[in-house]
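See below for the structure under consideration.
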Amino acid sequence: MRLTPPASSLLTPEQLAALRERSDAWGLWLVAHAWLVVVAAWATCAWLPHPLTYVLAIAVIGSRQLGLLILMHDGAHGMLTQSPRLNRVLTQWFCAYPMFADADVYRRYHLKHHARTQQEDDPDIALTGAYPISRASLVRKLLRDLVGITGYSQRKYQIAMALGPRDWPLARRLASFRAQLGRQLVVQLALFALLAASGHWAFYFLLWVLPALTWQQLVLRIRNIAEHAVVPDADDCFRNARTTLAGPLTRAFVAVYWVNYHVEHHLLMWVPCYRLPRLREFLFANGHGAKIETRSGYLDVLRHVTTPRPDDGRPQPRRDPKARAMGTFGAGFTASQA
């Protein structure tokens, strides 16, 4: 495995100094932005209840739920804000717990992914290691995501894991659940209470739980595929991940909070998400741009990772049981998407 080159060989001291700057204001704004978009979607449906507004709201909210997990990812790297205390509060209580995730668990898992990217012991290899696949197989996967089958399986498995073995005494099972998911449950109850107080308790299920089980799963899979599926060289730090170009609409619904700049993130994982576009500019200016694995869009990626051949009937590789509860954003977030 080729080691990532030192940052000083990629960028000038002035460029490195500009990228190292972390901002409390930026972190607060991004987390607030995600929640303001969700609240705006709720308000729109309350003001104009119509099937079309509900469908649009599910997509908008599901994308921001993914956005919360992307911001949790930054927080797990310690780079969402300048203040460590603020970084932790925002990361856990406003990003991770609302999505039934835990940044502390995720950090341990995710750092191994950075250290062993695309190697056999990369914990994320099961997300994309089976590609390329047939187009029919991909369509089935995306449909399972969109109708909630994947999301339901994830939550069911997560709860079962949190409760522990069935032969444990009830008190022990409840203690295990409280330790693993207690804070997440408190946040869910708070969200339900706030919506109930506004007179729209059903929004919690229709416009929070449902987006998490459907649209968020769809865009999560597409994002996972884009980042590491069928990359050119597992041992080249410029080519064992992928950056996907995205226009305004794609950034709103799929590539939220600059998550599409994935090669740049792997090269310098301490750069906050809001500075990744600038990092890419610096890399191009310094002559490294041509080395970065880049695709023109997510449809281009999906065409690249699929083949027109029909399924040959062979079973696809699946993740081991422990990994099912981990996923790309930490314990309890993504069950198997293989």
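Scheme for the structure tokens: letters A, B, ... for chains in order shown; per-chain residue numbers from 1; ligand numbers from 1 in order shown.
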*Near-Ala59 (chain A) list (9 Å; only C-alpha atoms; drop same-chain fewer than 4 positions) as a list in words*: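 Final neighbour list, sorted by chain and number: Tyr54, Val55, Ser63, Arg64, Pro211, Thr214, Trp215, Gln216 and Phe253 of chain A.
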Serialized selection, C-alpha atoms, as a short mmCIF file (atom, residue, chain, number, x, y, z; two decimals), in the first residue's frame:
data_model
loop_
_atom_site.label_atom_id
_atom_site.label_comp_id
_atom_site.auth_asym_id
_atom_site.auth_seq_id
_atom_site.Cartn_x
_atom_site.Cartn_y
_atom_site.Cartn_z
CA TYR A 54 -44.70 15.54 1.34
CA VAL A 55 -42.69 13.65 -1.29
CA SER A 63 -30.64 14.47 2.33
CA ARG A 64 -30.16 16.67 5.42
CA PRO A 211 -36.97 9.85 5.26
CA THR A 214 -35.98 5.58 2.60
CA TRP A 215 -34.38 8.52 0.81
CA GLN A 216 -31.44 8.74 3.15
CA PHE A 253 -29.91 16.15 -2.66
#
_Residues near Val38 (chain A), cut-off 12 Å, only C-alpha atoms, skip fewer than 2 positions along chain, as a VMD selection string_ = chain A and resid 31 to 36 40 to 45 56 to 68 191 203 to 204 207 to 208 211
Go ahead and save the residues from that selection, with N, CA and C atoms, as a short mmCIF file (atom, residue, chain, number, x, y, z; two decimals), in the first residue's frame.
data_model
loop_
_atom_site.label_atom_id
_atom_site.label_comp_id
_atom_site.auth_asym_id
_atom_site.auth_seq_id
_atom_site.Cartn_x
_atom_site.Cartn_y
_atom_site.Cartn_z
N VAL A 31 -24.36 23.07 11.08
CA VAL A 31 -25.32 22.27 11.84
C VAL A 31 -26.67 22.98 11.87
N ALA A 32 -26.65 24.30 12.09
CA ALA A 32 -27.90 25.05 12.09
C ALA A 32 -28.57 24.98 10.73
N HIS A 33 -27.77 25.07 9.67
CA HIS A 33 -28.33 25.00 8.32
C HIS A 33 -29.06 23.68 8.09
N ALA A 34 -28.45 22.58 8.49
CA ALA A 34 -29.09 21.28 8.30
C ALA A 34 -30.45 21.24 9.00
N TRP A 35 -30.49 21.70 10.23
CA TRP A 35 -31.74 21.67 10.99
C TRP A 35 -32.75 22.69 10.47
N LEU A 36 -32.28 23.86 10.01
CA LEU A 36 -33.20 24.86 9.46
C LEU A 36 -33.87 24.33 8.19
N ALA A 40 -37.78 23.89 7.85
CA ALA A 40 -38.46 24.54 6.73
C ALA A 40 -39.32 23.53 5.96
N ALA A 41 -38.82 22.31 5.81
CA ALA A 41 -39.61 21.27 5.13
C ALA A 41 -40.84 20.92 5.95
N TRP A 42 -40.69 20.81 7.27
CA TRP A 42 -41.86 20.57 8.13
C TRP A 42 -42.86 21.70 8.00
N ALA A 43 -42.38 22.94 8.06
CA ALA A 43 -43.27 24.10 8.00
C ALA A 43 -44.01 24.16 6.67
N THR A 44 -43.31 23.82 5.59
CA THR A 44 -43.94 23.84 4.27
C THR A 44 -45.08 22.84 4.20
N CYS A 45 -44.87 21.66 4.76
CA CYS A 45 -45.92 20.65 4.74
C CYS A 45 -47.09 21.03 5.65
N LEU A 56 -41.54 15.75 -1.73
CA LEU A 56 -40.37 16.61 -1.80
C LEU A 56 -39.72 16.75 -0.43
N ALA A 57 -40.53 16.89 0.61
CA ALA A 57 -40.00 17.04 1.97
C ALA A 57 -39.24 15.79 2.40
N ILE A 58 -39.73 14.62 2.04
CA ILE A 58 -39.03 13.38 2.40
C ILE A 58 -37.64 13.36 1.78
N ALA A 59 -37.53 13.78 0.52
CA ALA A 59 -36.22 13.82 -0.13
C ALA A 59 -35.32 14.88 0.49
N VAL A 60 -35.89 16.05 0.76
CA VAL A 60 -35.09 17.14 1.35
C VAL A 60 -34.60 16.74 2.74
N ILE A 61 -35.49 16.20 3.55
CA ILE A 61 -35.11 15.83 4.93
C ILE A 61 -34.14 14.66 4.92
N GLY A 62 -34.38 13.67 4.07
CA GLY A 62 -33.45 12.54 3.99
C GLY A 62 -32.06 12.98 3.61
N SER A 63 -31.95 13.95 2.71
CA SER A 63 -30.64 14.47 2.33
C SER A 63 -29.98 15.20 3.48
N ARG A 64 -30.75 15.96 4.26
CA ARG A 64 -30.16 16.67 5.42
C ARG A 64 -29.81 15.70 6.53
N GLN A 65 -30.53 14.59 6.63
CA GLN A 65 -30.14 13.56 7.61
C GLN A 65 -28.78 12.99 7.25
N LEU A 66 -28.57 12.74 5.96
CA LEU A 66 -27.23 12.35 5.53
C LEU A 66 -26.24 13.46 5.85
N GLY A 67 -26.67 14.71 5.65
CA GLY A 67 -25.82 15.84 5.97
C GLY A 67 -25.40 15.88 7.43
N LEU A 68 -26.31 15.56 8.33
CA LEU A 68 -25.97 15.52 9.75
C LEU A 68 -24.88 14.50 10.01
N LEU A 191 -37.49 15.18 19.82
CA LEU A 191 -38.01 15.57 18.51
C LEU A 191 -39.51 15.32 18.42
N PHE A 203 -45.74 14.21 12.03
CA PHE A 203 -44.57 14.54 11.23
C PHE A 203 -43.33 13.77 11.69
N TYR A 204 -43.29 13.41 12.96
CA TYR A 204 -42.13 12.66 13.43
C TYR A 204 -41.99 11.35 12.65
N LEU A 207 -42.20 12.50 8.48
CA LEU A 207 -41.20 13.42 7.96
C LEU A 207 -39.92 13.44 8.81
N TRP A 208 -39.70 12.38 9.55
CA TRP A 208 -38.39 12.18 10.18
C TRP A 208 -37.98 10.71 10.07
N PRO A 211 -38.15 9.47 6.07
CA PRO A 211 -36.97 9.85 5.26
C PRO A 211 -35.71 9.09 5.65
#
Kindly assemble as a Markdown table a list of the region 197-305 of chain A residues that lie within 9 Å of region 19-25 of chain A, each paired with its nearest atom pair and their distance in Å to one decimal, using only C-alpha atoms, sorted first by chain and then by ascending residue number.
| residue | atom | partner | partner_atom | distance |
| --- | --- | --- | --- | --- |
| A:Trp270 | CA | A:Arg20 | CA | 7.6 |
| A:Val271 | CA | A:Leu19 | CA | 6.1 |
| A:Pro272 | CA | A:Arg22 | CA | 7.1 |
| A:Arg275 | CA | A:Leu19 | CA | 6.4 |
| A:Leu276 | CA | A:Leu19 | CA | 8.4 |
| A:Arg278 | CA | A:Leu19 | CA | 7.9 |
| A:Leu279 | CA | A:Leu19 | CA | 7.1 |
Residues just named, written with N, CA and C atoms as a PDB file, in the first residue's frame:
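The result, stored in selection_5.pdb:
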ATOM      1  N   TRP A 270      -7.509  16.053   7.902  1.00  0.00           N
ATOM      2  CA  TRP A 270      -7.728  17.054   8.929  1.00  0.00           C
ATOM      3  C   TRP A 270      -8.326  18.348   8.373  1.00  0.00           C
ATOM      4  N   VAL A 271      -8.583  18.406   7.071  1.00  0.00           N
ATOM      5  CA  VAL A 271      -9.162  19.606   6.472  1.00  0.00           C
ATOM      6  C   VAL A 271     -10.678  19.585   6.658  1.00  0.00           C
ATOM      7  N   PRO A 272     -11.288  20.610   7.243  1.00  0.00           N
ATOM      8  CA  PRO A 272     -12.746  20.635   7.425  1.00  0.00           C
ATOM      9  C   PRO A 272     -13.469  20.551   6.085  1.00  0.00           C
ATOM     10  N   ARG A 275     -13.620  23.450   3.685  1.00  0.00           N
ATOM     11  CA  ARG A 275     -12.401  23.902   3.005  1.00  0.00           C
ATOM     12  C   ARG A 275     -11.923  22.909   1.935  1.00  0.00           C
ATOM     13  N   LEU A 276     -12.670  21.841   1.710  1.00  0.00           N
ATOM     14  CA  LEU A 276     -12.254  20.853   0.705  1.00  0.00           C
ATOM     15  C   LEU A 276     -12.229  21.418  -0.721  1.00  0.00           C
ATOM     16  N   ARG A 278     -11.408  24.366  -1.588  1.00  0.00           N
ATOM     17  CA  ARG A 278     -10.174  25.153  -1.668  1.00  0.00           C
ATOM     18  C   ARG A 278      -8.956  24.235  -1.734  1.00  0.00           C
ATOM     19  N   LEU A 279      -8.986  23.142  -0.992  1.00  0.00           N
ATOM     20  CA  LEU A 279      -7.897  22.172  -1.072  1.00  0.00           C
ATOM     21  C   LEU A 279      -7.761  21.656  -2.494  1.00  0.00           C
TER      22      LEU A 279
END
*Give the answer as one residue: which of A:Val139, A:Ala252, A:Leu11, A:Leu48 has the shortest atom-to-atom distance to Leu283 (chain A), using only C-alpha atoms?*
A:Leu11
*Might you pull out every residue within 8 Å of region 169-181 of chain A, with only C-alpha atoms counted and same-chain residues fewer than 5 positions away left off, and present them as a VMD selection string?*
chain A and resid 100 159 162 to 164
Include N, CA and C atoms and write out the residues we just selected as an mmCIF file, in the first residue's frame.
data_model
loop_
_atom_site.group_PDB
_atom_site.id
_atom_site.type_symbol
_atom_site.label_atom_id
_atom_site.label_comp_id
_atom_site.auth_asym_id
_atom_site.auth_seq_id
_atom_site.Cartn_x
_atom_site.Cartn_y
_atom_site.Cartn_z
ATOM 1 N N PHE A 100 -29.312 8.176 15.473
ATOM 2 C CA PHE A 100 -29.055 6.906 16.141
ATOM 3 C C PHE A 100 -27.625 6.432 15.922
ATOM 4 N N ILE A 159 -31.247 -2.459 17.104
ATOM 5 C CA ILE A 159 -31.953 -2.609 18.378
ATOM 6 C C ILE A 159 -31.666 -3.977 18.990
ATOM 7 N N ALA A 162 -28.260 -3.904 20.497
ATOM 8 C CA ALA A 162 -28.221 -3.094 21.718
ATOM 9 C C ALA A 162 -28.837 -3.833 22.900
ATOM 10 N N LEU A 163 -29.849 -4.630 22.645
ATOM 11 C CA LEU A 163 -30.498 -5.374 23.722
ATOM 12 C C LEU A 163 -29.671 -6.561 24.199
ATOM 13 N N GLY A 164 -28.796 -7.065 23.361
ATOM 14 C CA GLY A 164 -27.970 -8.198 23.739
ATOM 15 C C GLY A 164 -28.678 -9.520 23.539
#
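CA of Asp102 (chain A) is positioned 20.4 Å from CA of Ala115 (chain A).
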*Between CA of Glu264 (chain A) and CA of Ile292 (chain A), measure the distance and give it in Å to one decimal.*
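According to the coordinates, CA of Glu264 (chain A) and CA of Ile292 (chain A) are separated by 8.3 Å.
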*Please provide as a ChimeraX atom specification all residues within 6 Å of region 127-136 of chain A, with the sequence filter that same-chain residues fewer than 3 positions apart are discarded (counting only C-alpha atoms).*
/A:124,139,229,305-309,338
Could you save the residues just selected, with N, CA and C atoms, as a tab-separated table (two decimals), in the first residue's frame?
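Okay, out32.tsv is ready:
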chain	number	residue	atom	x	y	z
A	124	ASP	N	-14.54	-0.75	5.64
A	124	ASP	CA	-15.55	-0.32	4.67
A	124	ASP	C	-15.51	-1.10	3.37
A	139	VAL	N	-30.21	-1.86	-9.48
A	139	VAL	CA	-31.59	-1.35	-9.43
A	139	VAL	C	-32.33	-1.97	-8.26
A	229	ALA	N	-16.08	2.50	-4.92
A	229	ALA	CA	-16.36	1.34	-5.76
A	229	ALA	C	-15.60	1.41	-7.09
A	305	VAL	N	-19.68	1.52	-12.50
A	305	VAL	CA	-19.60	0.40	-11.55
A	305	VAL	C	-20.59	-0.71	-11.87
A	306	THR	N	-21.30	-0.60	-12.98
A	306	THR	CA	-22.26	-1.64	-13.34
A	306	THR	C	-21.97	-2.16	-14.74
A	307	THR	N	-22.49	-3.35	-15.00
A	307	THR	CA	-22.34	-3.98	-16.31
A	307	THR	C	-23.71	-4.36	-16.82
A	308	PRO	N	-23.88	-4.46	-18.14
A	308	PRO	CA	-25.20	-4.82	-18.68
A	308	PRO	C	-25.53	-6.29	-18.56
A	309	ARG	N	-24.56	-7.11	-18.11
A	309	ARG	CA	-24.80	-8.56	-18.07
A	309	ARG	C	-25.90	-8.88	-17.06
A	338	ALA	N	-24.69	-4.48	1.42
A	338	ALA	CA	-24.05	-5.29	0.39
A	338	ALA	C	-25.08	-5.87	-0.55
Please return as a tab-separated table (two decimals) with C-alpha atoms, in the first residue's frame: the residues of region 219-312 of chain A that backbone DSSP assigns to strand (DSSP E).
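Okay, states-v6.tsv is ready:
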chain	number	residue	atom	x	y	z
A	243	THR	CA	-14.07	12.66	-6.18
A	244	THR	CA	-17.37	13.18	-7.99
A	294	THR	CA	-12.49	12.18	-10.68
A	295	ARG	CA	-15.83	11.42	-12.29
A	306	THR	CA	-22.26	-1.64	-13.34
A	307	THR	CA	-22.34	-3.98	-16.31
Residue contacts of Gly75 (chain A) (10 Å, only C-alpha atoms) excluding same-chain residues fewer than 6 positions away, as a PDB file with C-alpha atoms, in the first residue's frame:
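The file below, selection03.pdb, is the result:
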ATOM      1  CA  GLY A  27     -19.451  24.580  12.398  1.00  0.00           C
ATOM      2  CA  LEU A  69     -23.919  12.356   9.508  1.00  0.00           C
ATOM      3  CA  THR A  81     -15.236  23.643  15.087  1.00  0.00           C
ATOM      4  CA  PRO A  84     -13.097  20.913  21.260  1.00  0.00           C
ATOM      5  CA  LEU A  86     -18.299  22.792  21.094  1.00  0.00           C
ATOM      6  CA  ASN A  87     -17.129  20.232  18.546  1.00  0.00           C
ATOM      7  CA  ARG A  88     -18.181  17.389  20.832  1.00  0.00           C
ATOM      8  CA  VAL A  89     -21.569  18.867  21.766  1.00  0.00           C
ATOM      9  CA  LEU A  90     -22.519  19.609  18.173  1.00  0.00           C
ATOM     10  CA  THR A  91     -21.198  16.292  16.913  1.00  0.00           C
ATOM     11  CA  GLN A  92     -22.954  14.046  19.403  1.00  0.00           C
ATOM     12  CA  CYS A  95     -25.609  15.287  14.506  1.00  0.00           C
ATOM     13  CA  ALA A  96     -24.976  11.744  15.749  1.00  0.00           C
ATOM     14  CA  ALA A 103     -19.350   9.625  17.085  1.00  0.00           C
ATOM     15  CA  ASP A 104     -17.032   7.960  19.606  1.00  0.00           C
ATOM     16  CA  ARG A 107     -14.183   7.455  15.220  1.00  0.00           C
ATOM     17  CA  PRO A 272     -12.746  20.635   7.425  1.00  0.00           C
TER      18      PRO A 272
END
